[in-house]
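File shown here: target-v7.txt, holding compact mmCIF, C-alpha atoms.
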# COMPACT_ATOMS: atom_id res chain seq x y z
CA MET A 182 -1.09 -8.42 20.71
CA PHE A 183 -4.13 -7.22 22.64
CA ARG A 184 -6.81 -6.24 20.11
CA VAL A 185 -9.68 -3.75 20.25
CA ALA A 186 -12.30 -3.66 17.49
CA ILE A 187 -14.24 -0.51 16.66
CA VAL A 188 -17.75 -1.43 15.46
CA GLY A 189 -21.07 0.29 14.84
CA ARG A 190 -23.58 1.39 12.24
CA PRO A 191 -22.52 3.55 9.26
CA ASN A 192 -21.43 7.17 9.62
CA VAL A 193 -21.00 7.43 13.40
CA GLY A 194 -17.29 8.37 13.24
CA LYS A 195 -15.57 5.00 13.59
CA SER A 196 -12.79 5.83 11.13
CA THR A 197 -12.27 9.27 12.67
CA LEU A 198 -11.83 7.60 16.07
CA PHE A 199 -9.48 5.00 14.53
CA ASN A 200 -7.30 7.74 13.03
CA ARG A 201 -7.31 9.68 16.31
CA LEU A 202 -6.26 6.67 18.42
CA THR A 203 -3.58 5.46 15.99
CA GLY A 204 -2.29 8.96 15.28
CA THR A 205 -2.54 8.36 11.53
CA ARG A 206 -4.73 9.26 8.57
CA LYS A 207 -4.90 5.65 7.50
CA ALA A 208 -8.69 5.36 7.26
CA ILE A 209 -10.50 7.49 4.70
CA VAL A 210 -12.98 9.79 6.41
CA GLY A 211 -16.01 11.51 4.86
CA ASP A 212 -19.69 12.26 5.20
CA GLU A 213 -20.63 9.51 2.75
CA PRO A 214 -21.91 6.39 4.60
CA GLY A 215 -20.12 3.11 3.98
CA ILE A 216 -16.68 4.48 3.07
CA THR A 217 -14.84 1.85 5.14
CA ARG A 218 -15.41 -1.65 3.80
CA ASP A 219 -12.47 -3.88 4.66
CA ARG A 220 -11.19 -4.16 8.21
CA LEU A 221 -8.16 -1.97 8.89
CA TYR A 222 -5.44 -2.64 11.45
CA GLY A 223 -3.34 -0.10 13.31
CA GLU A 224 -1.08 0.08 16.36
CA VAL A 225 -1.89 2.36 19.28
CA ARG A 226 0.88 3.52 21.59
CA TRP A 227 -0.19 4.88 24.97
CA ALA A 228 1.55 5.19 28.34
CA GLY A 229 4.53 3.19 27.11
CA ARG A 230 2.36 0.25 26.01
CA THR A 231 1.05 -0.92 22.63
CA PHE A 232 -2.14 -2.61 21.48
CA GLU A 233 -3.75 -3.30 18.11
CA LEU A 234 -6.85 -1.47 16.89
CA LEU A 235 -9.26 -2.69 14.21
CA ASP A 236 -11.49 -0.37 12.20
CA THR A 237 -14.54 -1.91 10.52
CA GLY A 238 -17.24 -0.90 8.08
CA GLY A 239 -20.72 0.19 9.09
CA MET A 240 -22.90 -2.78 10.07
CA ILE A 241 -26.29 -3.24 8.38
CA PRO A 242 -27.38 -6.76 9.43
CA ALA A 243 -30.56 -7.16 7.34
CA SER A 244 -29.26 -5.77 4.04
CA GLY A 245 -29.55 -7.98 0.97
CA GLU A 246 -27.03 -6.00 -1.11
CA THR A 247 -23.62 -7.48 -1.95
CA ILE A 248 -21.31 -4.85 -0.44
CA PRO A 249 -23.15 -4.51 2.94
CA ILE A 250 -23.18 -8.30 3.23
CA ARG A 251 -19.42 -8.46 2.62
CA ILE A 252 -18.85 -5.62 5.09
CA PHE A 253 -20.85 -7.45 7.73
CA GLU A 254 -18.75 -10.59 7.15
CA GLN A 255 -15.58 -8.52 7.68
CA VAL A 256 -16.98 -7.14 10.94
CA VAL A 257 -17.80 -10.67 12.15
CA ARG A 258 -14.16 -11.66 11.53
CA ALA A 259 -12.91 -8.59 13.39
CA VAL A 260 -15.18 -9.37 16.36
CA ALA A 261 -13.82 -12.93 16.48
CA GLU A 262 -10.23 -11.59 16.63
CA ALA A 263 -10.84 -8.87 19.24
CA ASP A 264 -10.48 -8.86 23.02
CA ILE A 265 -12.72 -5.81 23.52
CA LEU A 266 -15.49 -4.41 21.30
CA VAL A 267 -16.04 -0.65 21.24
CA LEU A 268 -19.48 0.18 19.85
CA VAL A 269 -19.34 3.71 18.46
CA VAL A 270 -22.62 5.63 18.48
CA ASP A 271 -23.68 9.16 17.54
CA GLY A 272 -24.37 11.03 20.79
CA ARG A 273 -26.16 13.88 19.07
CA ALA A 274 -28.53 11.53 17.21
CA GLY A 275 -29.25 9.49 20.35
CA PRO A 276 -29.93 5.72 20.41
CA THR A 277 -31.30 4.47 17.09
CA PRO A 278 -33.09 1.19 16.23
CA LEU A 279 -30.02 0.07 14.26
CA ASP A 280 -27.76 0.68 17.28
CA GLU A 281 -30.07 -1.48 19.40
CA GLU A 282 -30.25 -4.14 16.69
CA LEU A 283 -26.48 -4.55 16.85
CA LEU A 284 -26.37 -5.15 20.62
CA PRO A 285 -27.47 -8.83 20.69
CA ILE A 286 -25.19 -9.61 17.74
CA LEU A 287 -22.18 -8.16 19.57
CA ARG A 288 -23.09 -9.67 22.95
CA LYS A 289 -23.28 -13.12 21.36
CA SER A 290 -19.49 -12.97 20.83
CA GLY A 291 -18.88 -13.05 24.59
CA ARG A 292 -16.37 -10.18 24.35
CA PRO A 293 -16.53 -7.21 26.75
CA LEU A 294 -18.71 -4.54 25.14
CA TRP A 295 -17.94 -0.86 25.60
CA VAL A 296 -19.82 2.10 24.14
CA ALA A 297 -18.05 5.20 22.84
CA VAL A 298 -20.63 7.99 22.55
CA ASN A 299 -19.07 10.08 19.79
CA LYS A 300 -19.62 13.62 18.46
CA LEU A 301 -19.90 15.17 21.94
CA ASP A 302 -17.65 18.09 21.06
CA THR A 303 -18.04 20.10 24.29
CA ALA A 304 -18.33 19.32 27.99
CA ALA A 305 -21.87 20.72 27.89
CA GLN A 306 -22.89 17.89 25.54
CA GLU A 307 -21.73 15.07 27.85
CA PRO A 308 -25.24 14.55 29.33
CA LEU A 309 -26.27 13.33 25.85
CA ALA A 310 -24.41 10.11 26.70
CA ALA A 311 -26.90 9.26 29.48
CA PRO A 312 -29.46 7.34 27.33
CA PHE A 313 -26.73 4.93 26.16
CA TYR A 314 -26.23 3.57 29.69
CA GLU A 315 -29.45 1.65 29.06
CA PHE A 316 -27.56 -0.52 26.56
CA GLY A 317 -26.11 -2.40 29.54
CA ALA A 318 -22.53 -2.12 28.25
CA ASP A 319 -19.55 -2.76 30.53
CA GLU A 320 -18.27 0.82 30.02
CA VAL A 321 -19.63 4.04 28.47
CA PHE A 322 -17.25 6.80 27.32
CA PRO A 323 -18.39 10.24 26.12
CA VAL A 324 -15.87 11.19 23.40
CA SER A 325 -15.23 13.50 20.50
CA ALA A 326 -13.01 11.76 17.98
CA GLU A 327 -12.71 14.96 15.98
CA HIS A 328 -11.59 17.10 18.92
CA SER A 329 -9.88 14.36 20.99
CA LEU A 330 -12.14 14.89 24.02
CA GLY A 331 -12.48 11.85 26.28
CA VAL A 332 -9.99 9.87 24.21
CA ALA A 333 -7.37 9.70 26.99
CA GLU A 334 -9.90 8.13 29.37
CA LEU A 335 -10.78 5.51 26.77
CA LEU A 336 -7.10 4.69 26.19
CA ASP A 337 -6.38 4.46 29.93
CA ALA A 338 -9.23 1.96 30.29
CA VAL A 339 -7.93 -0.19 27.41
CA ILE A 340 -4.39 -0.32 28.86
CA ALA A 341 -5.79 -1.21 32.30
CA SER A 342 -7.91 -4.02 30.83
CA ALA A 343 -5.08 -5.35 28.69
CA GLY A 344 -2.67 -5.67 31.61
CA ASP A 345 0.48 -7.57 30.60
CA ARG A 346 -0.95 -8.26 27.13
CA ALA A 347 -0.41 -4.62 26.15
CA ALA A 348 3.07 -5.01 24.72
CA PRO A 349 5.83 -2.58 25.76
CA GLU A 350 6.87 -0.20 23.00
CA ALA A 351 9.78 -1.58 20.98
CA GLU A 352 12.97 0.39 21.64
CA GLY A 353 14.32 -0.03 18.13
CA GLY A 354 11.07 0.93 16.40
CA ARG A 355 9.25 -1.38 14.03
CA PRO A 356 10.95 -4.60 12.90
CA GLU A 357 12.33 -4.57 9.38
CA GLU A 358 9.78 -5.46 6.71
CA ILE A 359 9.27 -5.38 2.96
CA ALA A 360 6.40 -3.11 1.91
CA VAL A 361 4.58 -4.59 -1.09
CA ALA A 362 1.88 -2.51 -2.82
CA VAL A 363 -0.57 -4.41 -5.02
CA VAL A 364 -1.71 -1.93 -7.69
CA GLY A 365 -3.71 -1.96 -10.89
CA ARG A 366 -6.85 -0.70 -12.51
CA PRO A 367 -10.25 -1.59 -11.03
CA ASN A 368 -11.41 -5.20 -11.07
CA VAL A 369 -8.18 -6.94 -12.09
CA GLY A 370 -8.15 -9.10 -8.94
CA LYS A 371 -5.98 -7.15 -6.49
CA SER A 372 -7.97 -8.08 -3.39
CA ALA A 373 -8.25 -11.70 -4.53
CA LEU A 374 -4.46 -11.87 -4.92
CA VAL A 375 -3.91 -10.31 -1.49
CA ASN A 376 -6.25 -12.84 0.11
CA ARG A 377 -4.45 -15.68 -1.68
CA MET A 378 -1.03 -14.42 -0.55
CA LEU A 379 -2.24 -14.11 3.04
CA GLY A 380 -4.20 -17.35 3.05
CA THR A 381 -7.26 -15.65 4.56
CA GLU A 382 -10.25 -13.53 3.55
CA ARG A 383 -8.59 -10.25 4.46
CA ALA A 384 -10.13 -7.97 1.82
CA ILE A 385 -13.59 -7.89 0.28
CA VAL A 386 -13.66 -9.47 -3.18
CA SER A 387 -16.43 -8.43 -5.55
CA GLU A 388 -17.02 -8.06 -9.27
CA ILE A 389 -18.21 -4.49 -8.59
CA PRO A 390 -15.41 -2.11 -9.67
CA GLY A 391 -14.18 0.18 -6.90
CA THR A 392 -15.00 -2.19 -4.04
CA THR A 393 -11.71 -1.47 -2.24
CA ARG A 394 -11.39 2.11 -1.01
CA ASP A 395 -8.93 2.24 1.88
CA ALA A 396 -5.40 0.93 1.41
CA VAL A 397 -5.64 -2.28 3.42
CA ASP A 398 -2.26 -3.38 4.76
CA THR A 399 -1.53 -6.64 6.54
CA ILE A 400 1.65 -8.04 8.10
CA LEU A 401 2.70 -11.47 6.91
CA GLN A 402 5.58 -13.54 8.28
CA ARG A 403 6.88 -16.08 5.75
CA ASP A 404 10.16 -18.05 5.67
CA GLY A 405 11.65 -15.75 8.32
CA GLN A 406 10.82 -12.60 6.35
CA ARG A 407 8.26 -10.01 7.39
CA PHE A 408 6.09 -8.55 4.60
CA ARG A 409 3.59 -5.68 4.70
CA ILE A 410 1.08 -6.48 1.95
CA ILE A 411 -0.91 -3.40 0.88
CA ASP A 412 -4.11 -3.82 -1.11
CA THR A 413 -4.89 -0.54 -2.86
CA ALA A 414 -7.95 0.87 -4.57
CA GLY A 415 -8.20 0.50 -8.32
CA ILE A 416 -6.52 3.46 -10.00
CA ARG A 417 -8.51 5.23 -12.70
CA ARG A 418 -7.47 8.03 -15.00
CA LYS A 419 -7.82 11.61 -13.77
CA GLY A 420 -11.27 12.92 -14.59
CA ARG A 421 -12.80 9.43 -14.57
CA THR A 422 -13.48 9.43 -10.83
CA ASP A 423 -16.74 11.08 -9.82
CA GLU A 424 -17.15 10.56 -6.10
CA ARG A 425 -14.94 12.42 -3.63
CA THR A 426 -14.26 9.17 -1.77
CA GLU A 427 -13.05 7.45 -4.94
CA LYS A 428 -10.72 10.34 -5.74
CA ILE A 429 -9.24 10.12 -2.23
CA SER A 430 -8.83 6.35 -2.67
CA VAL A 431 -6.76 6.90 -5.81
CA ILE A 432 -4.60 9.50 -4.03
CA VAL A 433 -4.04 7.05 -1.15
CA ALA A 434 -3.11 4.29 -3.62
CA ARG A 435 -0.50 6.50 -5.29
CA LYS A 436 0.93 7.56 -1.90
CA ASN A 437 1.31 3.92 -0.93
CA LEU A 438 3.29 3.38 -4.12
CA GLU A 439 5.73 6.03 -2.92
CA LYS A 440 6.15 4.21 0.41
CA ALA A 441 6.47 0.72 -1.09
CA ASP A 442 9.66 -1.21 -1.69
CA VAL A 443 8.07 -3.38 -4.38
CA ALA A 444 4.93 -2.89 -6.48
CA LEU A 445 3.02 -5.83 -7.91
CA LEU A 446 1.44 -4.35 -11.06
CA LEU A 447 -1.59 -6.51 -11.80
CA ILE A 448 -2.77 -6.86 -15.39
CA ASP A 449 -5.85 -8.79 -16.50
CA ALA A 450 -4.42 -11.52 -18.74
CA GLU A 451 -7.78 -11.96 -20.46
CA GLU A 452 -7.93 -8.34 -21.58
CA GLY A 453 -4.24 -7.72 -22.21
CA VAL A 454 -2.31 -4.50 -21.66
CA THR A 455 -4.47 -1.35 -21.74
CA LYS A 456 -3.70 2.38 -21.76
CA LEU A 457 -4.66 2.55 -18.10
CA ASP A 458 -2.23 -0.28 -17.26
CA ALA A 459 0.48 1.78 -18.99
CA ALA A 460 -0.46 4.88 -16.97
CA ILE A 461 -0.33 2.96 -13.67
CA GLY A 462 3.01 1.46 -14.66
CA GLY A 463 4.24 5.01 -15.16
CA TYR A 464 3.07 5.95 -11.66
CA ALA A 465 5.01 2.99 -10.25
CA VAL A 466 8.22 3.97 -12.06
CA GLU A 467 7.84 7.62 -10.96
CA SER A 468 7.49 6.49 -7.34
CA GLY A 469 10.87 4.76 -7.51
CA CYS A 470 9.70 1.39 -6.20
CA SER A 471 10.73 -1.90 -7.78
CA VAL A 472 8.11 -3.38 -10.11
CA ILE A 473 6.99 -6.93 -10.85
CA VAL A 474 4.36 -7.33 -13.58
CA VAL A 475 1.77 -9.92 -12.53
CA LEU A 476 -0.55 -11.32 -15.20
CA ASN A 477 -3.62 -12.39 -13.25
CA LYS A 478 -6.49 -14.67 -14.37
CA TRP A 479 -4.03 -16.80 -16.36
CA ASP A 480 -6.26 -19.82 -15.76
CA LYS A 481 -8.89 -18.19 -17.99
CA VAL A 482 -6.54 -17.60 -20.90
CA GLY A 483 -6.68 -20.17 -23.68
CA LYS A 484 -3.42 -21.99 -24.34
CA ASP A 485 -3.28 -20.70 -27.90
CA ALA A 486 -4.45 -17.15 -27.10
CA TYR A 487 -1.37 -15.60 -25.48
CA THR A 488 2.08 -16.50 -24.32
CA LEU A 489 4.35 -14.69 -21.90
CA ASP A 490 6.46 -13.63 -24.88
CA THR A 491 3.36 -12.02 -26.41
CA PHE A 492 2.80 -10.00 -23.27
CA ARG A 493 6.48 -9.12 -23.03
CA GLU A 494 6.36 -7.71 -26.55
CA SER A 495 3.22 -5.74 -25.70
CA ILE A 496 4.79 -4.28 -22.56
CA GLU A 497 8.02 -3.37 -24.37
CA ARG A 498 5.93 -1.66 -27.04
CA ARG A 499 3.44 0.17 -24.78
CA MET A 500 5.48 0.49 -21.58
CA LYS A 501 9.12 0.83 -22.61
CA TYR A 502 9.93 2.29 -19.21
CA LEU A 503 8.97 -1.08 -17.66
CA ALA A 504 11.25 -3.18 -19.83
CA PHE A 505 13.32 -3.91 -16.70
CA ALA A 506 10.35 -5.42 -14.80
CA PRO A 507 10.18 -9.23 -14.53
CA MET A 508 6.88 -10.86 -15.42
CA ILE A 509 4.96 -13.77 -13.94
CA SER A 510 1.58 -15.28 -14.78
CA VAL A 511 -0.65 -16.30 -11.86
CA SER A 512 -4.20 -17.10 -10.93
CA ALA A 513 -5.42 -15.56 -7.69
CA LEU A 514 -8.52 -17.76 -7.99
CA THR A 515 -6.68 -21.10 -8.07
CA GLY A 516 -3.40 -20.04 -6.43
CA GLN A 517 -1.38 -20.96 -9.52
CA ARG A 518 2.22 -19.73 -9.11
CA VAL A 519 1.26 -17.19 -6.39
CA ALA A 520 3.86 -18.68 -4.01
CA ARG A 521 6.59 -17.78 -6.52
CA LEU A 522 5.94 -14.10 -5.92
CA PHE A 523 7.60 -14.12 -2.50
CA PRO A 524 11.17 -15.04 -3.57
CA MET A 525 10.84 -12.52 -6.42
CA ILE A 526 9.84 -9.80 -3.94
CA VAL A 527 12.75 -10.64 -1.63
CA ARG A 528 15.19 -10.58 -4.54
CA ALA A 529 13.80 -7.24 -5.79
CA ARG A 530 14.14 -5.59 -2.39
CA ALA A 531 17.71 -6.87 -2.01
CA ALA A 532 18.60 -5.48 -5.45
CA ARG A 533 17.25 -1.99 -4.73
CA ARG A 534 19.44 -1.82 -1.61
CA LEU A 535 22.68 -2.65 -3.41
CA ARG A 536 25.54 -0.20 -2.98
CA ILE A 537 28.25 -0.55 -5.65
CA PRO A 538 31.72 0.63 -4.54
CA THR A 539 33.07 3.54 -6.56
CA GLY A 540 36.28 1.62 -7.22
CA ALA A 541 34.38 -1.27 -8.80
CA LEU A 542 32.46 1.16 -11.00
CA ASN A 543 35.49 3.01 -12.34
CA ASN A 544 38.23 0.39 -12.37
CA LEU A 545 36.19 -2.51 -13.75
CA PHE A 546 32.80 -1.41 -14.97
CA VAL A 547 33.66 1.69 -17.03
CA PRO A 548 36.39 -0.04 -19.09
CA GLU A 549 34.07 -3.00 -19.76
CA VAL A 550 31.26 -0.69 -20.83
CA ALA A 551 33.59 1.24 -23.12
CA GLU A 552 34.65 -2.05 -24.72
CA HIS A 553 31.02 -3.08 -25.26
CA TRP A 554 30.28 0.36 -26.68
CA ARG A 555 33.11 0.09 -29.25
CA GLY A 556 31.93 -3.39 -30.15
CA SER A 557 28.42 -2.11 -30.89
CA GLY A 558 29.70 -0.51 -34.09
CA THR A 559 29.12 3.12 -33.16
CA SER A 560 31.61 5.73 -34.29
CA GLN A 561 30.92 8.04 -31.35
CA PRO A 562 33.19 7.62 -28.30
CA LEU A 563 31.64 6.84 -24.92
CA ASP A 564 32.97 9.84 -23.06
CA ILE A 565 32.46 8.80 -19.43
CA GLN A 566 35.15 9.99 -17.06
CA TYR A 567 33.79 8.94 -13.67
CA ILE A 568 30.77 7.17 -12.09
CA THR A 569 29.65 7.01 -8.49
CA GLN A 570 26.51 5.76 -6.78
CA ALA A 571 24.91 8.59 -4.85
CA GLU A 572 21.83 6.85 -3.45
CA LYS A 573 20.06 3.52 -3.12
CA GLU A 574 16.39 2.51 -2.84
CA PRO A 575 16.22 3.17 -5.76
CA PRO A 576 19.83 3.31 -6.97
CA LEU A 577 20.98 6.68 -8.35
CA PHE A 578 24.24 6.92 -10.29
CA VAL A 579 26.02 10.20 -10.99
CA VAL A 580 27.92 10.16 -14.29
CA PHE A 581 30.63 12.73 -15.03
CA THR A 582 31.26 13.22 -18.74
CA GLY A 583 33.84 15.08 -20.75
CA LYS A 584 31.18 16.83 -22.78
CA SER A 585 29.26 20.04 -22.35
CA LYS A 586 26.12 18.40 -23.80
CA PRO A 587 24.16 15.55 -22.17
CA LEU A 588 24.62 11.99 -23.34
CA HIS A 589 22.07 10.92 -25.94
CA PHE A 590 19.11 9.07 -24.40
CA SER A 591 20.11 5.89 -26.25
CA THR A 592 23.59 6.12 -24.72
CA GLU A 593 22.12 6.62 -21.25
CA ARG A 594 19.82 3.63 -21.81
CA PHE A 595 22.84 1.55 -22.90
CA LEU A 596 24.64 2.54 -19.70
CA THR A 597 21.59 1.71 -17.56
CA ASN A 598 21.23 -1.72 -19.17
CA GLN A 599 24.91 -2.44 -18.56
CA LEU A 600 24.57 -1.49 -14.90
CA ARG A 601 21.53 -3.73 -14.55
CA ASP A 602 23.18 -6.74 -16.21
CA LYS A 603 26.54 -6.37 -14.47
CA PHE A 604 25.24 -5.90 -10.92
CA ASP A 605 21.87 -7.70 -11.13
CA PHE A 606 19.51 -4.84 -10.30
CA PHE A 607 16.53 -7.19 -10.51
CA ALA A 608 13.13 -5.48 -10.98
CA THR A 609 14.64 -2.17 -9.87
CA PRO A 610 14.53 1.17 -11.69
CA ILE A 611 17.93 2.80 -12.12
CA ARG A 612 18.28 6.55 -12.22
CA VAL A 613 21.18 8.37 -13.85
CA GLU A 614 22.16 11.96 -13.19
CA GLN A 615 24.66 13.52 -15.56
CA ARG A 616 27.28 16.06 -14.57
CA LEU A 617 28.52 17.89 -17.64
CA LYS A 618 31.80 19.55 -18.39
CA LYS A 619 31.59 23.22 -17.59
CA PRO A 620 32.32 25.42 -20.65
CA ARG A 621 35.34 27.63 -20.35
CA PRO A 622 34.53 31.31 -19.86
CA HIS A 623 34.89 33.33 -23.05
CA ARG A 624 37.74 35.81 -22.96
CA ALA A 625 37.28 38.99 -24.85
CA GLY A 626 40.08 39.74 -27.31
CA ARG A 627 42.48 42.63 -26.73
CA GLU A 628 41.91 45.82 -28.66

What does the file become when written as structure tokens?
Amino acid sequence: MFRVAIVGRPNVGKSTLFNRLTGTRKAIVGDEPGITRDRLYGEVRWAGRTFELLDTGGMIPASGETIPIRIFEQVVRAVAEADILVLVVDGRAGPTPLDEELLPILRKSGRPLWVAVNKLDTAAQEPLAAPFYEFGADEVFPVSAEHSLGVAELLDAVIASAGDRAAPEAEGGRPEEIAVAVVGRPNVGKSALVNRMLGTERAIVSEIPGTTRDAVDTILQRDGQRFRIIDTAGIRRKGRTDERTEKISVIVARKNLEKADVALLLIDAEEGVTKLDAAIGGYAVESGCSVIVVLNKWDKVGKDAYTLDTFRESIERRMKYLAFAPMISVSALTGQRVARLFPMIVRARAARRLRIPTGALNNLFVPEVAEHWRGSGTSQPLDIQYITQAEKEPPLFVVFTGKSKPLHFSTERFLTNQLRDKFDFFATPIRVEQRLKKPRPHRAGRE
């Protein structure tokens, strides 16, 4: 697809322009410089055509700090992928030395260079764009990303330049894909795992906690299946996040859980299961997505220190609600067993889409469950009259009982386990809704 990269120094409104052109709120926006770090991808639809837009972090070429260096590397990769570069500048601030320092770096790529003079919120401010013509860019566009002024002219120019490479909009919408959210607490290796799964340096990897801020999603085609891999910010406990940007990052991460088909819950195998891991696992279950527990950094664990059974016991003790989740040990650093994640993800998505016929539930399943229940040695009858599946993704079963009181939680758990084992709901949470017997109305006695 035809690609346009948005570049520029920090805090000139690149992410605001990205959100405006894509019609999303994908990029986190704020007054704090350096919010965007990884490169973000989005599709722009205009005049019946489609092209791809890349948002990048603010460029600081001479910085010796780790994060600005990594951001600059991400921008260089975006420039190499793009067909057109749009240098965003602050029209109200005028040309700055840093803007001018970026020009030779961008020209060296050989790509057409356009300038979007941002923050010109009224027609009266358009003359402020005049000094930027001295940059010698191919095109100069006065725009206001916040108020959408001049944006149509910029889009028209992109479509005209793209020609036949601007793909027609798909009639059937987006192709089917599996959304996979990689979640966990800060610094457990989420971005490293995403890069390993994609086979490219897609997200910035650093030992500094909180490096990832935006939810960085990338499309991957593998074995005929399309995946959307979403790298999320490290989730901290409420009250432990100080900066506004970090709080927004956590909110975005939790929203991506709600949109995901499958969540890869990363746990640091060196440190074991923590309270925060348990909290994030709870968020995943609440969201309704399927969950696979991924023990990362397994290459650093001594052979005699832990086993998978040890971790399974720890999870069953501290995260009983995740007892259904399969577990795999990997190393994002070496690639150990990372390839095995893909068939597990495909199987989990297929399981969450299962629809069990009502006849199979009531003619075969209920009698078998009743038999198992009697064989468990309990004296209480399993009073289930009827079961039907009301929803899928995740599966929801409605259970009609002959009682006026709800089934005991242990009975409901028994029923859920039987459903999982019988129909192979791999990695998928099962929800049960009980419909109770309505009590008969009390009739007053005759006098």

Task: Selection near range 220-226 of chain A, 6 Å with only C-alpha atoms, sequence-local residues under 4 positions removed, as number ranges by chain - done: A: 203, 230-237

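Minimum atom-to-atom distances from A:Leu401, A:Leu514, A:Ala343, A:Leu446 to Asp264 in chain A were compared using only C-alpha atoms, and the lowest value belongs to A:Ala343.
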
Open item on the list: With all atoms listed in the file as the counted atoms, please give the residues lying no more than 9 Å from Leu476 in chain A, apart from itself and same-chain residues fewer than 4 positions off, as JSON, numbers by chain.
Closed with: {"A": [446, 447, 448, 449, 450, 451, 453, 489, 492, 508, 509, 510, 511, 512]}

Let me see the file: selected residues, C-alpha atoms, as a tab-separated table (two decimals), in the coordinates of the input.
chain	number	residue	atom	x	y	z
A	446	LEU	CA	1.44	-4.35	-11.06
A	447	LEU	CA	-1.59	-6.51	-11.80
A	448	ILE	CA	-2.77	-6.86	-15.39
A	449	ASP	CA	-5.85	-8.79	-16.50
A	450	ALA	CA	-4.42	-11.52	-18.74
A	451	GLU	CA	-7.78	-11.96	-20.46
A	453	GLY	CA	-4.24	-7.72	-22.21
A	489	LEU	CA	4.35	-14.69	-21.90
A	492	PHE	CA	2.80	-10.00	-23.27
A	508	MET	CA	6.88	-10.86	-15.42
A	509	ILE	CA	4.96	-13.77	-13.94
A	510	SER	CA	1.58	-15.28	-14.78
A	511	VAL	CA	-0.65	-16.30	-11.86
A	512	SER	CA	-4.20	-17.10	-10.93

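Proximity to Glu320 in chain A was assessed for A:Val454, A:Ala551, A:Val296, A:Ile410 counting only C-alpha atoms; the smallest distance is recorded for A:Val296.
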
Open item on the list: Set the distance at 6 Å and use only C-alpha atoms: which residues neighbour Glu574 in chain A once local chain neighbours fewer than 2 positions away are removed? I'd like the list as a PyMOL selection string.
Closed with: chain A and resi 533-534+576

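Neighbouring residues of Gly516 in chain A at 10 Å or closer, counting only C-alpha atoms and skipping chain neighbours under 2 positions away, are Ala373, Leu374, Arg377, Met378, Gly380, Asp480, Val511, Ser512, Ala513, Leu514, Arg518, Val519 and Ala520 of chain A.
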
Open item on the list: Residues within 10 Å of Gly365 in chain A, please, as number ranges by chain. Count all atoms listed in the file; anything in the same chain fewer than 3 positions from it doesn't count.
Closed with: A: 362, 368-371, 412-417, 434, 444-449, 457-462, 475

Open item on the list: List as a list of chain:residue names the residues having at least one atom at most 10 Å from position (1.5, -4.3, 29.8) as given in the file, counting all atoms listed in the file.
Closed with: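 The distance filter leaves exactly A:Phe183, A:Ala228, A:Gly229, A:Arg230, A:Thr231, A:Phe232, A:Ile340, A:Ala341, A:Ser342, A:Ala343, A:Gly344, A:Asp345, A:Arg346, A:Ala347, A:Ala348, A:Pro349, A:Glu350.
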
Task: Coordinates-based distance that separates CA of Phe505 in chain A from CA of Leu563 in chain A (Å, one decimal) - done: 22.8 Å

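Residue nearest Thr597 in chain A, chosen from A:Ile537, A:Ser585, A:Tyr567, A:Val550 and counting all atoms listed in the file: A:Val550.
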
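If all atoms listed in the file are the atoms counted, then among A:Ile359, A:Val257, A:Ile473, A:Val185 the closest residue to Leu336 in chain A is A:Val185.
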
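Between CA of Glu327 in chain A and CA of Pro285 in chain A there is a distance of 28.4 Å.
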
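The space separating CA of Asn299 in chain A from CA of Thr399 in chain A comes to 27.6 Å.
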
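Closest approach to Lys603 in chain A among A:Leu542, A:Arg407, A:Asp564, A:Phe590 is made by A:Leu542 (distances from all atoms listed in the file).
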
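Each of A:Arg190, A:Lys436, A:Lys478, A:Arg273 was checked against Glu307 in chain A using only C-alpha atoms; the smallest atom-to-atom distance is that of A:Arg273.
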